[in-house]
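K.L.:
Structure: my_file.csv, CSV, C-alpha atoms.
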```csv
chain,number,residue,atom,x,y,z
A,1,MET,CA,257.0,-150.6,116.3
A,2,GLY,CA,255.3,-148.4,118.9
A,3,VAL,CA,252.1,-149.1,120.8
A,4,THR,CA,250.0,-147.0,118.3
A,5,GLY,CA,251.4,-148.9,115.4
A,6,GLU,CA,250.7,-152.2,117.0
A,7,LYS,CA,247.1,-151.3,117.7
A,8,PHE,CA,246.7,-150.2,114.0
A,9,GLN,CA,248.2,-153.5,112.8
A,10,LEU,CA,245.9,-155.5,115.1
A,11,GLY,CA,242.9,-153.5,113.8
A,12,THR,CA,243.9,-154.3,110.2
A,13,VAL,CA,244.2,-158.0,111.0
A,14,GLY,CA,240.8,-158.0,112.6
A,15,ALA,CA,239.2,-156.2,109.7
A,16,LEU,CA,240.8,-158.6,107.2
A,17,SER,CA,239.7,-161.6,109.2
A,18,LEU,CA,236.1,-160.3,109.6
A,19,SER,CA,235.9,-159.6,105.9
A,20,VAL,CA,237.0,-163.1,104.9
A,21,VAL,CA,234.8,-165.0,107.4
A,22,SER,CA,231.7,-163.0,106.8
A,23,SER,CA,232.1,-163.0,103.0
A,24,VAL,CA,232.6,-166.8,102.8
A,25,SER,CA,229.5,-167.3,105.0
A,26,ILE,CA,227.3,-165.1,102.9
A,27,VAL,CA,228.4,-166.7,99.7
A,28,ILE,CA,227.5,-170.1,101.0
A,29,CYS,CA,224.2,-168.8,102.3
A,30,ASN,CA,223.3,-167.0,99.0
A,31,LYS,CA,224.4,-170.1,97.0
A,32,ALA,CA,221.8,-172.2,98.9
A,33,LEU,CA,219.2,-169.4,98.5
A,34,MET,CA,219.8,-169.0,94.7
A,35,SER,CA,220.9,-172.4,93.5
A,36,SER,CA,218.8,-174.6,95.7
A,37,LEU,CA,215.7,-172.5,96.4
A,38,GLY,CA,215.6,-170.5,93.1
A,39,PHE,CA,215.6,-167.0,94.6
A,40,ASN,CA,217.6,-165.2,91.9
A,41,PHE,CA,216.8,-161.6,92.7
A,42,ALA,CA,220.3,-160.5,93.6
A,43,THR,CA,219.9,-156.7,93.3
A,44,THR,CA,216.7,-156.6,95.4
A,45,LEU,CA,218.4,-158.9,98.0
A,46,THR,CA,221.3,-156.5,98.1
A,47,SER,CA,218.9,-153.5,98.8
A,48,TRP,CA,217.5,-155.6,101.7
A,49,HIS,CA,221.1,-156.2,103.0
A,50,LEU,CA,221.8,-152.5,103.0
A,51,LEU,CA,218.5,-151.7,104.7
A,52,VAL,CA,219.2,-154.2,107.5
A,53,THR,CA,222.7,-152.9,107.8
A,54,PHE,CA,221.4,-149.3,108.3
A,55,CYS,CA,218.8,-150.4,110.9
A,56,SER,CA,221.5,-152.3,112.8
A,57,LEU,CA,223.8,-149.3,112.8
A,58,HIS,CA,221.0,-147.1,113.9
A,59,VAL,CA,220.4,-149.3,116.9
A,60,ALA,CA,224.1,-149.2,117.6
A,61,LEU,CA,224.0,-145.4,117.4
A,62,CYS,CA,221.1,-145.3,119.9
A,63,MET,CA,223.1,-147.5,122.2
A,64,LYS,CA,226.0,-145.0,121.8
A,65,LEU,CA,228.4,-147.6,120.4
A,66,PHE,CA,229.6,-145.0,117.9
A,67,GLU,CA,229.3,-141.3,117.4
A,68,HIS,CA,227.3,-139.8,114.6
A,69,LYS,CA,229.5,-137.3,112.6
A,70,PRO,CA,227.6,-135.5,109.8
A,71,PHE,CA,229.7,-134.1,107.0
A,72,ASP,CA,229.2,-132.9,103.4
A,73,ALA,CA,225.7,-134.1,102.5
A,74,ARG,CA,226.3,-133.9,98.7
A,75,THR,CA,229.4,-136.1,99.0
A,76,VAL,CA,227.6,-138.7,101.1
A,77,MET,CA,224.6,-138.7,98.6
A,78,GLY,CA,226.9,-139.0,95.6
A,79,PHE,CA,229.0,-141.7,97.2
A,80,GLY,CA,225.9,-143.7,98.2
A,81,VAL,CA,224.2,-143.5,94.8
A,82,LEU,CA,227.5,-144.3,93.0
A,83,ASN,CA,227.9,-147.5,95.1
A,84,GLY,CA,224.3,-148.5,94.3
A,85,ILE,CA,224.9,-147.9,90.6
A,86,SER,CA,228.1,-150.0,90.6
A,87,ILE,CA,226.3,-152.9,92.2
A,88,GLY,CA,223.5,-152.8,89.7
A,89,LEU,CA,226.0,-152.5,86.8
A,90,LEU,CA,227.9,-155.6,88.0
A,91,ASN,CA,224.7,-157.6,88.1
A,92,LEU,CA,223.8,-156.4,84.7
A,93,SER,CA,227.3,-157.3,83.4
A,94,LEU,CA,226.8,-160.8,84.7
A,95,GLY,CA,223.3,-160.9,83.0
A,96,PHE,CA,224.6,-159.8,79.6
A,97,ASN,CA,228.0,-161.7,79.6
A,98,SER,CA,229.2,-165.2,80.1
A,99,VAL,CA,230.5,-166.1,83.6
A,100,GLY,CA,234.0,-166.2,82.2
A,101,PHE,CA,233.8,-162.6,80.8
A,102,TYR,CA,232.3,-161.5,84.1
A,103,GLN,CA,235.2,-162.9,86.0
A,104,MET,CA,237.5,-161.0,83.6
A,105,THR,CA,235.6,-157.9,84.5
A,106,LYS,CA,236.3,-158.4,88.2
A,107,LEU,CA,240.0,-159.1,87.5
A,108,ALA,CA,240.2,-155.8,85.6
A,109,ILE,CA,239.3,-153.8,88.7
A,110,ILE,CA,242.8,-154.1,90.3
A,111,PRO,CA,244.8,-152.7,87.3
A,112,CYS,CA,242.1,-150.0,86.8
A,113,THR,CA,242.4,-149.0,90.4
A,114,VAL,CA,246.2,-148.9,90.2
A,115,ILE,CA,246.0,-146.7,87.1
A,116,LEU,CA,243.4,-144.3,88.6
A,117,GLU,CA,245.4,-143.9,91.9
A,118,THR,CA,248.6,-143.4,89.9
A,119,LEU,CA,247.1,-140.7,87.6
A,120,PHE,CA,245.0,-138.8,90.1
A,121,PHE,CA,246.6,-139.5,93.5
A,122,ARG,CA,250.2,-139.8,92.4
A,123,LYS,CA,250.6,-143.0,94.3
A,124,LYS,CA,253.6,-145.2,93.6
A,125,PHE,CA,253.4,-148.9,93.0
A,126,SER,CA,256.8,-150.6,92.8
A,127,ARG,CA,257.7,-153.0,90.1
A,128,ASN,CA,257.7,-155.9,92.7
A,129,ILE,CA,254.2,-155.0,93.7
A,130,GLN,CA,253.0,-154.7,90.1
A,131,LEU,CA,254.6,-158.1,89.3
A,132,SER,CA,252.9,-159.7,92.4
A,133,LEU,CA,249.5,-158.3,91.3
A,134,SER,CA,250.1,-159.7,87.8
A,135,VAL,CA,250.9,-163.2,89.2
A,136,LEU,CA,247.8,-163.0,91.4
A,137,LEU,CA,245.5,-161.9,88.5
A,138,PHE,CA,246.9,-164.6,86.3
A,139,GLY,CA,246.3,-167.3,88.9
A,140,VAL,CA,242.7,-166.2,89.6
A,141,GLY,CA,242.1,-166.1,85.9
A,142,VAL,CA,243.3,-169.6,85.4
A,143,ALA,CA,241.1,-170.8,88.3
A,144,THR,CA,237.9,-169.0,87.4
A,145,VAL,CA,237.8,-167.9,83.8
A,146,THR,CA,236.3,-170.5,81.5
A,147,ASP,CA,234.5,-169.2,78.4
A,148,LEU,CA,234.9,-165.7,77.0
A,149,GLN,CA,231.9,-164.7,74.9
A,150,LEU,CA,232.0,-161.0,73.9
A,151,ASN,CA,229.1,-158.8,72.9
A,152,ALA,CA,228.8,-155.0,72.5
A,153,VAL,CA,226.2,-154.3,75.2
A,154,GLY,CA,227.9,-156.6,77.7
A,155,SER,CA,231.3,-155.1,77.1
A,156,VAL,CA,230.0,-151.5,77.6
A,157,LEU,CA,228.2,-152.6,80.8
A,158,SER,CA,231.4,-154.3,82.1
A,159,LEU,CA,233.5,-151.2,81.4
A,160,LEU,CA,231.0,-149.0,83.2
A,161,ALA,CA,230.9,-151.5,86.1
A,162,ILE,CA,234.7,-151.5,86.4
A,163,ILE,CA,235.0,-147.7,86.4
A,164,THR,CA,232.2,-147.0,88.9
A,165,THR,CA,233.4,-149.8,91.2
A,166,CYS,CA,237.0,-148.4,91.2
A,167,ILE,CA,235.9,-144.9,91.8
A,168,ALA,CA,233.5,-146.0,94.6
A,169,GLN,CA,236.2,-148.0,96.4
A,170,ILE,CA,238.8,-145.2,96.0
A,171,MET,CA,236.2,-142.8,97.4
A,172,THR,CA,235.6,-145.1,100.4
A,173,ASN,CA,239.2,-144.7,101.3
A,174,THR,CA,239.7,-141.0,100.5
A,175,ILE,CA,236.4,-139.8,102.2
A,176,GLN,CA,237.4,-141.5,105.5
A,177,LYS,CA,240.8,-139.7,105.3
A,178,LYS,CA,239.6,-136.3,104.1
A,179,PHE,CA,236.6,-135.9,106.5
A,180,LYS,CA,238.3,-137.9,109.4
A,181,VAL,CA,235.3,-140.2,109.7
A,182,SER,CA,235.4,-143.9,110.7
A,183,SER,CA,234.2,-146.7,108.5
A,184,THR,CA,231.1,-147.1,110.7
A,185,GLN,CA,230.2,-143.4,110.4
A,186,LEU,CA,230.6,-143.4,106.6
A,187,LEU,CA,228.6,-146.6,106.2
A,188,TYR,CA,225.8,-145.3,108.5
A,189,GLN,CA,225.4,-142.1,106.4
A,190,SER,CA,225.7,-143.7,103.0
A,191,CYS,CA,223.6,-146.8,103.5
A,192,PRO,CA,220.2,-145.2,103.0
A,193,TYR,CA,221.2,-143.8,99.6
A,194,GLN,CA,222.7,-147.1,98.5
A,195,ALA,CA,219.6,-149.0,99.7
A,196,LEU,CA,217.1,-146.6,98.2
A,197,THR,CA,218.9,-146.7,94.8
A,198,LEU,CA,218.9,-150.5,94.7
A,199,PHE,CA,215.4,-150.7,96.2
A,200,ILE,CA,214.0,-148.6,93.3
A,201,VAL,CA,215.9,-150.3,90.4
A,202,GLY,CA,216.2,-153.8,91.9
A,203,PRO,CA,212.8,-155.3,91.1
A,204,PHE,CA,213.0,-153.9,87.6
A,205,LEU,CA,216.5,-155.1,87.0
A,206,ASP,CA,215.9,-158.5,88.5
A,207,GLY,CA,212.7,-158.9,86.5
A,208,PHE,CA,214.6,-158.0,83.3
A,209,LEU,CA,217.4,-160.5,84.0
A,210,THR,CA,215.3,-163.4,85.4
A,211,ASN,CA,211.8,-162.9,83.8
A,212,GLN,CA,210.4,-163.3,87.3
A,213,ASN,CA,208.6,-161.0,89.7
A,214,VAL,CA,210.3,-160.7,93.1
A,215,PHE,CA,206.9,-159.8,94.7
A,216,ALA,CA,205.2,-162.9,93.2
A,217,PHE,CA,207.8,-165.3,94.4
A,218,ASP,CA,206.7,-168.2,96.7
A,219,TYR,CA,208.3,-167.2,100.0
A,220,THR,CA,208.3,-170.5,101.9
A,221,SER,CA,209.6,-170.6,105.4
A,222,GLN,CA,212.9,-172.0,104.2
A,223,VAL,CA,213.4,-169.1,101.7
A,224,VAL,CA,212.5,-166.6,104.4
A,225,PHE,CA,215.0,-168.2,106.8
A,226,PHE,CA,217.9,-168.0,104.3
A,227,ILE,CA,216.9,-164.4,103.4
A,228,VAL,CA,217.0,-163.4,107.0
A,229,MET,CA,220.4,-165.2,107.5
A,230,SER,CA,221.8,-163.5,104.4
A,231,CYS,CA,220.7,-160.1,105.6
A,232,LEU,CA,222.1,-160.6,109.1
A,233,ILE,CA,225.5,-161.7,107.7
A,234,SER,CA,225.5,-158.8,105.3
A,235,VAL,CA,225.8,-156.4,108.2
A,236,SER,CA,229.2,-157.8,108.9
A,237,VAL,CA,230.1,-158.0,105.2
A,238,ASN,CA,229.2,-154.3,104.6
A,239,PHE,CA,230.9,-153.1,107.7
A,240,SER,CA,234.1,-155.0,107.1
A,241,THR,CA,234.3,-153.8,103.5
A,242,PHE,CA,234.4,-150.2,104.6
A,243,LEU,CA,236.7,-151.1,107.5
A,244,VAL,CA,239.3,-152.9,105.3
A,245,ILE,CA,239.4,-150.2,102.6
A,246,GLY,CA,239.7,-147.5,105.2
A,247,LYS,CA,242.5,-149.2,107.1
A,248,THR,CA,244.4,-150.4,104.0
A,249,SER,CA,243.7,-149.4,100.4
A,250,PRO,CA,241.3,-150.2,97.5
A,251,VAL,CA,244.0,-152.4,95.9
A,252,THR,CA,244.6,-154.4,99.1
A,253,TYR,CA,240.8,-154.9,99.4
A,254,GLN,CA,240.6,-156.3,95.8
A,255,VAL,CA,243.5,-158.6,96.6
A,256,LEU,CA,241.6,-159.8,99.6
A,257,GLY,CA,238.6,-160.3,97.4
A,258,HIS,CA,240.5,-162.7,95.1
A,259,LEU,CA,241.8,-164.6,98.1
A,260,LYS,CA,238.1,-165.1,99.1
A,261,THR,CA,237.3,-166.2,95.6
A,262,CYS,CA,239.9,-169.0,95.8
A,263,LEU,CA,238.6,-170.0,99.3
A,264,VAL,CA,235.0,-170.1,98.1
A,265,LEU,CA,236.1,-172.4,95.2
A,266,ALA,CA,237.8,-174.7,97.8
A,267,PHE,CA,234.8,-174.6,100.2
A,268,GLY,CA,232.4,-175.3,97.4
A,269,TYR,CA,234.4,-178.4,96.5
A,270,VAL,CA,234.7,-179.7,100.0
A,271,LEU,CA,231.3,-178.8,101.4
A,272,LEU,CA,229.0,-178.6,98.3
A,273,HIS,CA,230.9,-181.1,96.1
A,274,ASP,CA,231.1,-178.5,93.2
A,275,PRO,CA,233.2,-179.6,90.2
A,276,PHE,CA,236.9,-179.1,90.8
A,277,SER,CA,239.7,-179.6,88.2
A,278,TRP,CA,243.5,-179.5,88.0
A,279,ARG,CA,243.1,-176.0,86.4
A,280,ASN,CA,241.3,-174.7,89.6
A,281,ILE,CA,244.0,-176.2,91.8
A,282,LEU,CA,246.8,-174.7,89.7
A,283,GLY,CA,245.2,-171.3,89.5
A,284,ILE,CA,244.6,-171.1,93.2
A,285,LEU,CA,248.2,-172.1,93.9
A,286,ILE,CA,249.5,-169.4,91.5
A,287,ALA,CA,247.1,-166.8,93.1
A,288,VAL,CA,248.4,-167.7,96.6
A,289,ILE,CA,252.0,-167.1,95.4
A,290,GLY,CA,250.9,-163.7,94.1
A,291,MET,CA,249.1,-162.8,97.3
A,292,VAL,CA,252.0,-163.9,99.5
A,293,SER,CA,254.5,-161.9,97.4
A,294,TYR,CA,252.2,-158.9,97.4
A,295,SER,CA,252.1,-159.0,101.2
A,296,TYR,CA,255.8,-159.5,101.5
A,297,PHE,CA,256.7,-156.6,99.3
A,298,CYS,CA,254.1,-154.3,101.0
A,299,THR,CA,255.7,-155.1,104.4
A,300,LYS,CA,259.2,-154.7,103.1
A,301,GLU,CA,258.5,-151.4,101.3
A,302,ALA,CA,256.2,-149.9,104.0
A,303,PRO,CA,257.7,-146.7,105.5
A,304,PRO,CA,258.4,-147.0,109.2
A,305,LYS,CA,255.5,-145.7,111.4
A,306,PRO,CA,256.4,-143.0,113.9
A,307,THR,CA,256.5,-144.3,117.4
A,308,GLU,CA,255.2,-141.1,119.2
A,309,ALA,CA,252.7,-139.8,116.8
A,310,SER,CA,249.3,-138.9,118.2
A,311,PRO,CA,246.6,-141.6,117.8
A,312,GLN,CA,244.4,-139.2,115.8
A,313,LEU,CA,247.2,-138.5,113.3
A,314,ASN,CA,247.9,-142.2,112.9
A,315,GLN,CA,244.2,-142.9,112.3
A,316,VAL,CA,244.0,-140.3,109.6
A,317,LYS,CA,247.3,-141.0,107.9
A,318,GLU,CA,246.9,-143.1,104.7
A,319,SER,CA,248.4,-146.6,104.7
A,320,GLU,CA,248.7,-147.7,101.1
A,321,SER,CA,251.3,-150.2,101.9
A,322,ASP,CA,249.5,-152.1,104.6
A,323,PRO,CA,250.0,-155.7,103.7
A,324,LEU,CA,247.2,-158.2,103.1
A,325,ILE,CA,249.0,-160.6,105.5
A,326,SER,CA,251.1,-158.9,108.1
A,327,ASP,CA,253.6,-160.6,110.3
A,328,SER,CA,251.1,-160.7,113.2
A,329,LEU,CA,248.5,-162.2,110.9
A,330,SER,CA,250.8,-164.8,109.7
A,331,THR,CA,251.5,-165.8,113.3
A,332,ALA,CA,247.8,-165.9,114.1
A,333,GLU,CA,247.1,-168.0,111.1
A,334,ASN,CA,249.2,-170.9,112.3
A,335,GLY,CA,246.0,-171.9,114.0
A,336,GLY,CA,243.5,-169.8,112.1
A,337,ASN,CA,241.8,-169.3,108.7
A,338,ALA,CA,239.9,-167.1,106.2
A,339,GLY,CA,237.2,-167.0,103.1
A,340,ASP,CA,235.2,-165.0,99.9
A,341,ASP,CA,232.7,-163.2,98.0
A,342,GLU,CA,232.4,-165.0,95.4
A,343,ALA,CA,234.5,-163.0,95.0
A,344,LEU,CA,232.2,-161.9,94.0
A,345,LYS,CA,232.0,-158.3,94.8
A,346,VAL,CA,232.5,-156.1,94.2
A,347,PRO,CA,229.7,-156.1,95.8
A,348,MET,CA,231.0,-159.0,97.5
A,349,TRP,CA,227.6,-159.4,99.1
A,350,SER,CA,225.8,-159.8,95.8
A,351,SER,CA,224.3,-163.2,95.6
A,352,LYS,CA,225.1,-163.4,91.9
A,353,TYR,CA,228.6,-164.1,92.9
A,354,SER,CA,227.8,-167.6,94.0
A,355,LYS,CA,227.2,-168.5,90.3
A,356,ALA,CA,230.8,-168.0,89.5
```
Would you put the structure from the file into structure tokens?

P.N.:
Amino acid sequence: MGVTGEKFQLGTVGALSLSVVSSVSIVICNKALMSSLGFNFATTLTSWHLLVTFCSLHVALCMKLFEHKPFDARTVMGFGVLNGISIGLLNLSLGFNSVGFYQMTKLAIIPCTVILETLFFRKKFSRNIQLSLSVLLFGVGVATVTDLQLNAVGSVLSLLAIITTCIAQIMTNTIQKKFKVSSTQLLYQSCPYQALTLFIVGPFLDGFLTNQNVFAFDYTSQVVFFIVMSCLISVSVNFSTFLVIGKTSPVTYQVLGHLKTCLVLAFGYVLLHDPFSWRNILGILIAVIGMVSYSYFCTKEAPPKPTEASPQLNQVKESESDPLISDSLSTAENGGNAGDDEALKVPMWSSKYSKA
């Protein structure tokens, strides 16, 4: 592999690692905020996350840490609003459905993404990769899905959440390739629209789901501290989300999300003494087998990267087969680690996830 290929692979490893660590951190923080302190306003909190992320990126822009690259305004606005809607629908889905059905909703995002990319982008997923994803989804299902209570409204909301989330994540990848913008540039331009969408609907949505008023909540110093910590960590979560999808693919990002789910379950048992059963252990082991096989077949089937292609061309070229765990990552992990969202994202930064 040439120098350019090595830089890309190292960049992918860094993006995956950043996503794992930041997501596990924010889930633990949000779990303390919601479970221990009673702050259950997930959608409003997410709008604050995005606002802080935008402010942080604006400071970085003023410091010339990245270049502002405007492109099609309608695309940016539509993408930002769609992302905000998908987050709201996921939280509504959790509010109207049991936790088990909500977990099934998240599991359905991978096959839905595969179907959409196959139909509209003519992407090919080999039988080995499809089998690996099936093993992964089965394992995560065993570990996380408990009760399955169906209702008409909740089912419709879940279907809409799946569709909007898949489209938003596919757009995250395709926009970066089409307009040749970096993850930072795309996040900076779309953040205001996402934040505004959730800032408007958040208080009403949270009030409907919790029967509480976010503005009437008792903001003790401890609550404020965890909110500030959650917002600061969210900068890394939001940035790494765009970075991972841009460098790999929406499917790989979802596989990474389920890895983080398993790690959050494990951290919850070790650090927070959450209930843990043989079913959780078995499901996590099966999921890990699926993730390892997915990474193996992605590595095996990946087309060889050109050794003398220009850096700009390599950056723009799509990398559907980039593995979740590359050879260099496996080596690094001999002394390293990773973590989740509670899995919970799609938006992985939504605090609702900590309830799963």

K.L.:
What lies within 8 Å of A:Leu157 using all atoms listed in the file, ignoring chain neighbours under 4 positions off, as a list in words?

P.N.:
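Non-adjacent residues within range: Leu89, Leu90, Leu92, Ser93, Val153 and Ala161 of chain A.
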
K.L.:
Please check which residues have atoms at most 8 Å from (245.3, -153.4, 95.6) in the file's coordinates, counting only C-alpha atoms, and write them as a PyMOL selection string.

P.N.:
chain A and resi 110+113-114+133+249-255

K.L.:
If I take atom CA of A:Val244 and atom CA of A:Gly283, how far is one from the other in Å, to one decimal?

P.N.:
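Atom-to-atom, atom CA of A:Val244 to atom CA of A:Gly283, that is 25.0 Å.
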
K.L.:
Determine the nearest neighbour of A:Ile85 from the options A:Ser25, A:Gln212, A:Ser234, A:Thr43, counting all atoms listed in the file.

P.N.:
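The shortest atom-to-atom distance to A:Ile85 comes from A:Thr43.
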
K.L.:
Would you mind reading off the distance between atom CA of A:Ala73 and atom CA of A:Thr53, one decimal, in Å?

P.N.:
19.8 Å

K.L.:
So which residues fall inside 10 Å of (252.7, -160.5, 99.7) if we count only C-alpha atoms? Mind giving them as a list in words?

P.N.:
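Protein, DNA and RNA residues close to (252.7, -160.5, 99.7): Asn128, Ile129, Ser132, Leu133, Leu136, Val255, Val288, Ile289, Gly290, Met291, Val292, Ser293, Tyr294, Ser295, Tyr296, Phe297, Cys298, Thr299, Lys300, Pro323, Leu324, Ile325 and Ser326 of chain A.
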
K.L.:
What does the structure give for the distance between atom CA of A:Leu82 and atom CA of A:Met34, in Å to one decimal?

P.N.:
25.9 Å

K.L.:
What's around A:Val142 at 12 Å? Count all atoms listed in the file, leave out sequence neighbours fewer than 2 positions away in its own chain, and write the answer as a list of chain:residue names.

P.N.:
A:Gly100, A:Gln103, A:Met104, A:Leu107, A:Val135, A:Leu136, A:Leu137, A:Phe138, A:Gly139, A:Val140, A:Thr144, A:Val145, A:Thr146, A:Asp147, A:Cys262, A:Ser277, A:Trp278, A:Arg279, A:Asn280, A:Ile281, A:Leu282, A:Gly283, A:Ile284, A:Leu285, A:Ile286, A:Ala287

K.L.:
Report as a PDB file with C-alpha atoms, in the frame of the given file all protein, DNA and RNA residues lying within 6 Å of stretch 184-200 of chain A, evaluated on all atoms listed in the file, omitting residues in the same chain fewer than 4 positions from it.

P.N.:
```pdb
ATOM      1  CA  SER A  47     218.900-153.500  98.800  1.00  0.00           C
ATOM      2  CA  LEU A  50     221.800-152.500 103.000  1.00  0.00           C
ATOM      3  CA  LEU A  51     218.500-151.700 104.700  1.00  0.00           C
ATOM      4  CA  PHE A  54     221.400-149.300 108.300  1.00  0.00           C
ATOM      5  CA  VAL A  76     227.600-138.700 101.100  1.00  0.00           C
ATOM      6  CA  GLY A  80     225.900-143.700  98.200  1.00  0.00           C
ATOM      7  CA  VAL A  81     224.200-143.500  94.800  1.00  0.00           C
ATOM      8  CA  GLY A  84     224.300-148.500  94.300  1.00  0.00           C
TER       9      GLY A  84
END
```

K.L.:
Hey, which of A:Ser22, A:Ser36, A:Ser126, A:Ser134 ends up closest to A:Phe226? Count all atoms listed in the file.

P.N.:
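Smallest separation from A:Phe226 among the options: A:Ser36.
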
K.L.:
Of the candidates A:Val181, A:Ile233, A:Leu57, A:Leu243, which shows the shortest atom-to-atom distance to A:Val27, using only C-alpha atoms?

P.N.:
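Of A:Val181, A:Ile233, A:Leu57, A:Leu243, the one nearest A:Val27, counting only C-alpha atoms, is A:Ile233.
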
K.L.:
Need the shell around A:Phe96: protein/DNA/RNA residues with any atom at most 10 Å away, counting only C-alpha atoms. Skip same-chain ones fewer than 3 positions apart. Format as a ChimeraX atom specification?

P.N.:
/A:90-93,99,101-102,149-155,157-158,209

K.L.:
For A:His68, which of A:Thr165, A:Ser183, A:Thr44, A:Leu116 is the closest residue, counting only C-alpha atoms?

P.N.:
A:Ser183

K.L.:
Which of these residues is nearest to A:Ala168, using all atoms listed in the file: A:Phe66, A:Phe41, A:Phe71, A:Phe79?

P.N.:
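Smallest distance to A:Ala168 is found for A:Phe79.
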
K.L.:
Calculated over all atoms listed in the file, which of the candidates A:Ser240, A:Gln130, A:Thr75, A:Thr46 has the smallest distance to A:Val201?

P.N.:
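With all atoms listed in the file as the atom set, the closest residue is A:Thr46.
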
K.L.:
Please write stretch 165-176 of chain A of the preceding block to a file containing N, CA and C atoms, as an mmCIF file, in the first residue's frame?

P.N.:
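Wrote selection-v6.cif, looks like this:
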```
data_model
loop_
_atom_site.group_PDB
_atom_site.id
_atom_site.type_symbol
_atom_site.label_atom_id
_atom_site.label_comp_id
_atom_site.auth_asym_id
_atom_site.auth_seq_id
_atom_site.Cartn_x
_atom_site.Cartn_y
_atom_site.Cartn_z
ATOM 1 N N THR A 165 -33.525 8.230 8.804
ATOM 2 C CA THR A 165 -32.162 8.017 9.291
ATOM 3 C C THR A 165 -31.271 7.435 8.204
ATOM 4 N N CYS A 166 -31.776 6.449 7.477
ATOM 5 C CA CYS A 166 -30.992 5.851 6.389
ATOM 6 C C CYS A 166 -30.655 6.886 5.320
ATOM 7 N N ILE A 167 -31.656 7.661 4.915
ATOM 8 C CA ILE A 167 -31.429 8.668 3.874
ATOM 9 C C ILE A 167 -30.433 9.718 4.357
ATOM 10 N N ALA A 168 -30.586 10.162 5.607
ATOM 11 C CA ALA A 168 -29.681 11.187 6.144
ATOM 12 C C ALA A 168 -28.242 10.685 6.182
ATOM 13 N N GLN A 169 -28.046 9.429 6.567
ATOM 14 C CA GLN A 169 -26.678 8.904 6.658
ATOM 15 C C GLN A 169 -26.085 8.641 5.282
ATOM 16 N N ILE A 170 -26.905 8.205 4.346
ATOM 17 C CA ILE A 170 -26.414 8.043 2.975
ATOM 18 C C ILE A 170 -26.044 9.406 2.393
ATOM 19 N N MET A 171 -26.876 10.428 2.674
ATOM 20 C CA MET A 171 -26.578 11.783 2.199
ATOM 21 C C MET A 171 -25.283 12.311 2.801
ATOM 22 N N THR A 172 -25.005 11.968 4.063
ATOM 23 C CA THR A 172 -23.762 12.401 4.702
ATOM 24 C C THR A 172 -22.560 11.944 3.892
ATOM 25 N N ASN A 173 -22.632 10.720 3.386
ATOM 26 C CA ASN A 173 -21.535 10.170 2.596
ATOM 27 C C ASN A 173 -21.498 10.755 1.192
ATOM 28 N N THR A 174 -22.652 10.785 0.516
ATOM 29 C CA THR A 174 -22.683 11.202 -0.884
ATOM 30 C C THR A 174 -22.412 12.702 -1.057
ATOM 31 N N ILE A 175 -22.888 13.528 -0.120
ATOM 32 C CA ILE A 175 -22.651 14.972 -0.219
ATOM 33 C C ILE A 175 -21.157 15.277 -0.136
ATOM 34 N N GLN A 176 -20.463 14.604 0.792
ATOM 35 C CA GLN A 176 -19.025 14.840 0.922
ATOM 36 C C GLN A 176 -18.290 14.453 -0.360
#
```
